[in-house]
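Let me begin by presenting the structure, written as structure tokens, before commenting on it.
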Amino acid sequence: MESSLATPQPPASPPVAGKKPTGATEGSDTWRLSDRIGLAICWFLGLLFCAIALAIVIYLLVQGITYLKPSMLVTPAAAGFSEGETGGFSDALIGTMIVATMGMALALPAGIAIAVWLVEYGRPSALARITESTIESIAGIPSIVLALFGTVIFQSTALGFLSRTTEGVVFGRSFFAASAMLSLVALPLVVASVREGLNSIPRHVREASYAVGKTKAATTRRILLPTCRPQVATGAMLGLGRIVGDTAIIVVLLGATQNFSPVEEVPFPLNYLRGAGTTLTNFVYEASPTGNLNQPQKAYAAAFVLLLIVLALNAAVDVVHRRSRKVGTWSQ
Amino acid sequence: MSTPPPIRRLSLEDPPAASEATAPPRPSSNGHGPSTGGSPFTATRRSIGAPQFSIRRMEIDDVSVHYGEKEAVKHVSLPVRQGEVLALIGPSGCGKTTLLRSLNRLTELTSTARLSGSIRLDDVDITLIEPTLLRRRVTMVFQQPNPFPMSVFDNIAYVLREQGSRRQKKKTLEPAVHSALSRAGLFEEVKDNLDHPALKLSGGQQQRLCIARALAAQPEVLLLDEPCSALDPQSTQVIEDLIVKLRDDVAVVIVTHNLQQAYRVADHVGFMYLGDLVEYNSASALFNKPREQRTREYVTGAFG
Amino acid sequence: MDEDLTLEEYGPKWSDQRVERMLGALVLFVVGLLLALIVTVFVHAWPSFDHNGLAWFSSGGSVDDQLEAIALSAQAGAGYVWTFHAWPLIWATLLIVGTSVLLALASALFVAVFIVEFAPEWMSNILQPVVRFLASVPSVIYGLIGVVVLVPFIGNHLITESQKASVAGVISLTGYSLLAAITVLTVMIAPLMVSIFSDGLRSVKPGWLEGSLALGVNRWRTTWKIGVRTARPAIVAGTVLATARGIGEAVMLAMISGSVGWSPNPADGLIFIYEPTRPLAPTIVKNIDQLSSKPMNATLFSIAAVLLLSAATASACGFIARRAMRKYGTP
């Protein structure tokens with residue numbers, strides 16, 4: 001990555017007259033003391049960020065490797081006297097995958113649809129502006145507020161079929177509820193990414209398609225969206241990252257348990273999905289010293305697995321970026 | 001590091017006999033005239049007579065500039081004198097802009113650029129001078145007017161503040177700002193509202209503001225990279241008048257692809273083609289009696 | 001590859017009009033959802049505001065006791081208790097988010113300038129993934145590390161015994177503190193700002209930067225006086241985003257800042273950074289178990305309403321600031 005100014009060189013000492021010319025570089029006379037201090041601060045902070053990141057990674061790596069036993073990934077949590085007897089967190093792991101899948105199943109199509117509407121249609125323009133503001137606002141709403149909203153929606157009797165209902169009282173916590181609210185968390189990221197992708201396609205591509213008689217819908221479906229696959233993938237993975245990392249919505253809408261608690265008398269898989277459960281984030285929250293369980297070893301293990309998942313998503317985004325850069329761009 | 005030599009300014013005992021070119025230039029036949037004898041240029045030259053004096057300011061000595069594999073400038077030698085306007089002409093891609101940018105070491109911003117040969121400012125090799133200090137003595141005006149997104153006053157004050165060592169109050173800077181604007185011929189037009197956003201000025205005014213900015217640094221050499229190519233004829237005229245008036249104070253080097261412009265303002269002209277300096281001569285000699293065949297072809301419009 | 005679909009075949013089923021209407025319906029649904037959210041939150045919050053009036057925002061009594069009373073009142077059945085004076089929580093939010101945003105702003109600005117202009121290429125190639133990594137770590141992991149590393153460090157090594165003794169009767173200093181919260185929150189929000197600031201810096205017109213250099217201004221001052229100045233709208237946008245994130249951060253702060261609704265008082269001297277506290281968002285998480293009881297429900301929703309208002313205010317301030325910045329230029 002080339003900076004917009006020269007590749008920097010460290011400040012050189014002023015050349016002495018009579019010596020062989022070495023090419024005076026910037027920094028000796030025209031940089032005031034405050035400038036130099038500023039550059040020193042830059043270096044210090046840059047290195048500090050690297051150090052913090054390294055510390056986090058190393059710490060979790062060490063603790064995770066120490067305490068993570070493969071059995072934890074497949075054993076559900078259980079009651080026990082000492083921490084070693086309490087099993088693993090397989091329910092949490094599966095729970096994370098469930099909410100991720102369900103959340104993205106809602107967010108991805110909706111996000112693509114909204115992005116397409118904003119870029120390709122967008123009439124009346126007042127509605128377009130409102131929609132943009134809405135998406136931005138949703139991105140800015142704290143997830144705890146979304147969670148509270150979710151309790152209201154999903155406790156209403158109309159939506160009682162989505163969660164456990166006992167004697168007419170809707171419990172309101174279930175995978176359905178959590179996934180629905182989590183999709184809102186991922187939605188703005190998908191919309192932003194797909195919009196960027198669609199906007200980067202020049203007009204003449206669309207015009208070429210209309211000129212042979214295709215509708216906007218067909219053009220979008222057959223030409224524009226396939227071209228945007230990298231951006232769709234990026235948006236999806238960014239959204240997944242947010243969903244996987246969210247805790248507040250899970251704590252409120254999925255319940256503070258360690259295991260699945262399926263609803264009775266309902267066929268699989270609905271019985272699980274309508275019931276409460278847990279995810280990795282919730283598990284770490286509960287297992288940490290400040291949580292209800294206070295099983296720090298399992299907390300480290302679960303945190304390690306969670307971090308690996310997030311890093312994998314990050315790496316995937318990087319790979320997609322690198323590959324799409326190789327393909328080339330439209331001639332403008 | 002030793003301070004740069006003081007600016008040598010001769011005091012002129014007799015003011016030059018001013019016979020200003022007041023008539024607007026008549027459109028010249030654009031190049032398909034006879035190739036021998038008569039000059040195709042009938043435009044009236046703006047210069048106030050011949051240069052009264054000339055001091056060698058910069059010496060370009062066998063300079064070649066390479067961008068990676070490509071050689072953009074090949075073994076060019078030229079003098080740059082205060083008291084006269086030097087124009088670099090040539091078709092697109094001939095290396096004139098690259099040569100100009102090497103005079104204030106802007107070519108170093110491109111990582112693949114290599115320069116050989118030497119360029120000297122007042123007999124000091126410019127690679128020995130710190131780039132930032134060099135660029136205060138050799139300032140540049142670009143093709144696209146690029147006033148900063150600040151007020152008119154702040155644009156000029158920016159240059160003055162950044163070169164001073166201590167924070168200066170607005171009042172102290174006012175005289176310098178006003179004088180820079182006057183030298184650029186802009187003061188009358190903006191004096192009532194110096195806090196006006198600079199980006200709201202017209203194109204010609206913006207470019208003159210850029211010239212004023214460049215002059216505020218009190219340079220010894222002023223470099224102009226096609227300053228009028230983005231402007232309308234009216235503004236071009238104003239700026240050309242300005243350029244000619246400046247030549248006594250600063251050495252002016254102007255790159256232009258407009259032959260008429262070069263004819264109007266220049267005292268010496270260097271014609272470049274594909275990186276080579278084909279011919280260097282006084283303006284009247286080069287346009288009316290070009291020595292090289294190539295020069296003749298270019299000046300009469302056989303190619304461009 | 002599907003057969004070619006001409007206009008006739010696409011005819012009535014997927015016509016542009018129909019698609020547009022469907023997409024428009026989805027868009028309206030989402031907009032409606034947001035409106036429903038806002039309305040719901042305020043409607044559910046109303047009883048708490050109604051019973052407390054403006055005193056909701058003031059201080060008066062121990063906030064923890066009040067919350068307990070509210071929770072118990074629903075069970076006792078004697079009558080609902082609504083009294084709630086949230087000032088300690090508000091003050092904690094202001095302190096923690098305000099300080100973190102300021103610290104993060106300063107450091108993110110330097111790091112962004114560094115990445116875009118002054119870092120050698122190898123450093124840039126390391127720093128950019130580092131920033132992305134820090135931005136994507138889930139908040140619960142920040143909380144976990146804070147709890148097991150930072151809090152004991154502060155509690156055992158930074159706070160002296162005499163300091164603990166000096167406030168023993170009033171509050172216990174355990175390391176769950178303002179300092180821990182500010183530190184971790186700054187590390188959480190700074191990377192967000194760095195990416196936005198870098199994007200802003202990169203989109204400055206190179207003509208301006210080159211022009212400034214060509215006037216003999218050194219690279220450092222060119223970057224700051226011209227580059228950063230032009231990127232000010234991006235800086236404002238990044239700050240607003242980070243502030244909203246900080247205001248809404250519930251889980252990490254619930255783990256680290258301490259579970260006491262206490263107002264750290266700077267007048268206490270330096271010791272106030274060691275005091276535990278609890279901002280607004282974590283309070284919701286900590287009391288979520290009693291959501292079904294009516295008074296607690298209203299109280300929690302009233303806190304949520306205040307959170308929404310704060311995020312909206314931050315956004316509005318950013319918008320106004322960016323409008324004002326347009327005066328001299330066209331960024």
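Chain lettering (A, B, ...) mirrors the order of the structure tokens, residue numbering begins at 1 for each chain separately, and ligand numbering begins at 1 in order of display.
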Item checked: Contacts of Leu118 of chain A at 12 Å (only C-alpha atoms; same-chain gap of 5+ positions) as a count of residues only -> 27
Next item on the list: Pick out the chain B residues within 6 Å of chain C. Count only C-alpha atoms. Give them as a list in words.
Entry: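 Listed by rising number, the hits are Thr132, Arg135, Arg136, Thr139, Met140, Pro149, Met150 and Pro197 of chain B.
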Next item on the list: Would you mind reading off the distance between atom CA of Met97 of chain A and atom CA of Gly197 of chain A, one decimal, in Å?
Entry: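 Going from atom CA of Met97 of chain A over to atom CA of Gly197 of chain A, I get 27.3 Å.
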Item checked: Spatial neighbours of Asn259 of chain A, 7 Å, only C-alpha atoms, chain gap at least 4 places, as a VMD selection string -> chain A and resid 76 to 77 91 277 to 278
Next item on the list: Considering only C-alpha atoms, return as a ChimeraX atom specification whatever protein or nucleic-acid residues lie within 10 Å of segment 287-301 of chain A, sequence-local ones (same chain, fewer than 5 positions apart) excluded.
Entry: /A:59-70,72-73,82-84,86-89,256-258,280-282,306-307 /C:140-141,143-145,147-148,254-256,258-259
Can I get the residues of chain A within 6 Å of chain C, each with the closest pair of atoms and their distance in Å to one decimal, using only C-alpha atoms, sorted chain first then ascending number, as CSV?
```
residue,atom,partner,partner_atom,distance
A:Ser3,CA,C:Glu117,CA,5.4
A:Cys42,CA,C:Phe110,CA,5.3
A:Gly46,CA,C:Val111,CA,5.7
A:Pro142,CA,C:Gly248,CA,4.4
A:Val145,CA,C:Ala304,CA,5.7
A:Ala217,CA,C:Asp16,CA,5.9
A:Gly245,CA,C:Pro138,CA,4.5
```
Generate a file of the selected residues that holds N, CA and C atoms, formatted as a PDB file, in the first residue's frame.
```
ATOM      1  N   SER A   3       1.621   5.035   0.256  1.00  0.00           N
ATOM      2  CA  SER A   3       1.033   6.230   0.862  1.00  0.00           C
ATOM      3  C   SER A   3       0.934   7.295  -0.189  1.00  0.00           C
ATOM      4  N   CYS A  42       2.836   8.621  17.282  1.00  0.00           N
ATOM      5  CA  CYS A  42       2.280   7.705  16.280  1.00  0.00           C
ATOM      6  C   CYS A  42       2.888   6.323  16.410  1.00  0.00           C
ATOM      7  N   GLY A  46       0.931   2.978  17.575  1.00  0.00           N
ATOM      8  CA  GLY A  46       0.857   1.872  16.632  1.00  0.00           C
ATOM      9  C   GLY A  46       1.386   0.591  17.265  1.00  0.00           C
ATOM     10  N   PRO A 142     -28.444   0.153  20.287  1.00  0.00           N
ATOM     11  CA  PRO A 142     -27.739  -0.835  21.112  1.00  0.00           C
ATOM     12  C   PRO A 142     -28.484  -2.162  21.086  1.00  0.00           C
ATOM     13  N   VAL A 145     -31.295  -2.807  23.534  1.00  0.00           N
ATOM     14  CA  VAL A 145     -32.604  -2.221  23.247  1.00  0.00           C
ATOM     15  C   VAL A 145     -33.359  -3.093  22.261  1.00  0.00           C
ATOM     16  N   ALA A 217     -35.706  -6.436 -13.124  1.00  0.00           N
ATOM     17  CA  ALA A 217     -35.619  -7.576 -12.216  1.00  0.00           C
ATOM     18  C   ALA A 217     -34.674  -8.627 -12.783  1.00  0.00           C
ATOM     19  N   GLY A 245     -20.868 -12.674  17.670  1.00  0.00           N
ATOM     20  CA  GLY A 245     -20.268 -12.010  18.815  1.00  0.00           C
ATOM     21  C   GLY A 245     -21.235 -11.347  19.753  1.00  0.00           C
TER      22      GLY A 245
END
```
Next item on the list: Would you list the contacts of Ala176 of chain B as a ChimeraX atom specification, taking every protein, DNA or RNA residue within 10 Å and counting only C-alpha atoms, but skipping same-chain residues closer than 5 positions in sequence?
Entry: /B:156-157,160,171,181-182,216-217
Take the residues from that selection and put them in a file with C-alpha atoms, as a compact mmCIF listing (two decimals), in the first residue's frame.
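The resulting file, result.txt, is shown below:
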```
# COMPACT_ATOMS: atom_id res chain seq x y z
CA ILE B 156 -2.24 32.58 2.00
CA ALA B 157 -1.81 32.72 5.75
CA LEU B 160 3.11 32.10 6.09
CA LYS B 171 -3.05 41.09 12.40
CA LEU B 181 -2.60 39.08 -3.20
CA SER B 182 -1.52 42.34 -4.81
CA ALA B 216 3.72 34.34 -0.36
CA ALA B 217 6.56 31.97 0.28
```
Can you list, as a short mmCIF file (atom, residue, chain, number, x, y, z; two decimals) with N, CA and C atoms, in the first residue's frame, every protein, DNA or RNA residue that comes within 12 Å of Ser59 of chain C when you count only C-alpha atoms, leaving out same-chain residues fewer than 4 positions away?
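The resulting file, selection-v4.cif, is shown below:
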```cif
data_model
loop_
_atom_site.label_atom_id
_atom_site.label_comp_id
_atom_site.auth_asym_id
_atom_site.auth_seq_id
_atom_site.Cartn_x
_atom_site.Cartn_y
_atom_site.Cartn_z
N ASN C 52 -42.12 9.23 38.02
CA ASN C 52 -40.96 9.91 38.58
C ASN C 52 -40.79 11.33 38.09
N LEU C 54 -39.35 14.42 36.18
CA LEU C 54 -37.98 14.75 35.83
C LEU C 54 -37.01 14.24 36.88
N ALA C 55 -37.55 13.87 38.03
CA ALA C 55 -36.67 13.34 39.06
C ALA C 55 -36.02 12.05 38.62
N VAL C 63 -29.39 3.93 44.11
CA VAL C 63 -30.10 3.40 42.95
C VAL C 63 -30.30 1.89 43.08
N GLN C 66 -33.24 1.24 45.23
CA GLN C 66 -34.48 1.53 44.51
C GLN C 66 -34.83 0.39 43.57
N THR C 83 -40.23 4.40 42.35
CA THR C 83 -39.23 5.44 42.57
C THR C 83 -37.90 5.03 41.98
N PHE C 84 -37.38 5.91 41.17
CA PHE C 84 -36.14 5.58 40.50
C PHE C 84 -35.42 6.87 40.16
N HIS C 85 -34.25 7.04 40.73
CA HIS C 85 -33.46 8.23 40.40
C HIS C 85 -32.17 7.76 39.78
N ALA C 86 -32.08 7.97 38.51
CA ALA C 86 -31.03 7.27 37.76
C ALA C 86 -29.73 8.03 37.67
N TRP C 87 -29.61 9.14 38.36
CA TRP C 87 -28.41 9.95 38.13
C TRP C 87 -27.08 9.19 38.27
N PRO C 88 -26.91 8.36 39.28
CA PRO C 88 -25.61 7.66 39.36
C PRO C 88 -25.32 6.86 38.10
N LEU C 89 -26.38 6.26 37.53
CA LEU C 89 -26.15 5.50 36.31
C LEU C 89 -25.80 6.43 35.15
N ILE C 90 -26.51 7.56 35.08
CA ILE C 90 -26.24 8.50 34.00
C ILE C 90 -24.83 9.05 34.12
N TRP C 91 -24.48 9.41 35.35
CA TRP C 91 -23.15 9.95 35.57
C TRP C 91 -22.08 8.94 35.18
N GLY C 261 -24.36 0.71 41.92
CA GLY C 261 -24.82 1.95 41.34
C GLY C 261 -24.28 3.12 42.12
N TRP C 262 -23.06 3.44 41.86
CA TRP C 262 -22.36 4.43 42.68
C TRP C 262 -21.85 5.54 41.79
N SER C 263 -21.90 6.76 42.28
CA SER C 263 -21.39 7.89 41.50
C SER C 263 -19.97 8.22 41.90
#
```
Write out as a short mmCIF file (atom, residue, chain, number, x, y, z; two decimals) with C-alpha atoms, in the first residue's frame which residues come within 6 Å of Ile89 of chain B when counting only C-alpha atoms, dropping same-chain ones fewer than 6 positions away.
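Contents of around.cif, as written:
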```cif
data_model
loop_
_atom_site.label_atom_id
_atom_site.label_comp_id
_atom_site.auth_asym_id
_atom_site.auth_seq_id
_atom_site.Cartn_x
_atom_site.Cartn_y
_atom_site.Cartn_z
CA THR B 256 2.61 24.96 -21.70
CA HIS B 257 1.21 23.05 -24.61
CA PHE B 271 11.31 22.58 -27.01
#
```
Next item on the list: Check every residue of chain B for an atom within 9 Å of chain A, counting only C-alpha atoms, and provide those that qualify as a PyMOL selection string.
Entry: chain B and resi 1-2+108-111+125-133+163+165
Checklist line | Pick from C:Val97, C:Val43, C:Gln163, C:Asn156 nearest to Leu270 of chain C, counting only C-alpha atoms | finding: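 The closest residue to Leu270 of chain C is C:Gln163.
One finds atom CA of Val320 of chain A at 17.7 Å from atom CA of Leu224 of chain A.
Rounded to one decimal, atom CA of Trp224 of chain C and atom CA of Arg137 of chain B lie 22.5 Å from each other.
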Notebook entry, point to check: Out of segment 63-205 of chain B, which residues get strand (DSSP E) from DSSP, as a VMD selection string?
Noted result: chain B and resid 63 to 67 70 to 82 85 to 89 113 to 121 124 to 125 138 to 141
Next item on the list: Check segment 18-237 of chain C with DSSP on the backbone and list each residue it calls alpha helix (DSSP H), as a ChimeraX atom specification.
Entry: /C:18-52,63-76,87-113,121-136,139-145,151-153,161-166,178-202,206-213,219-221,229-230,232-237
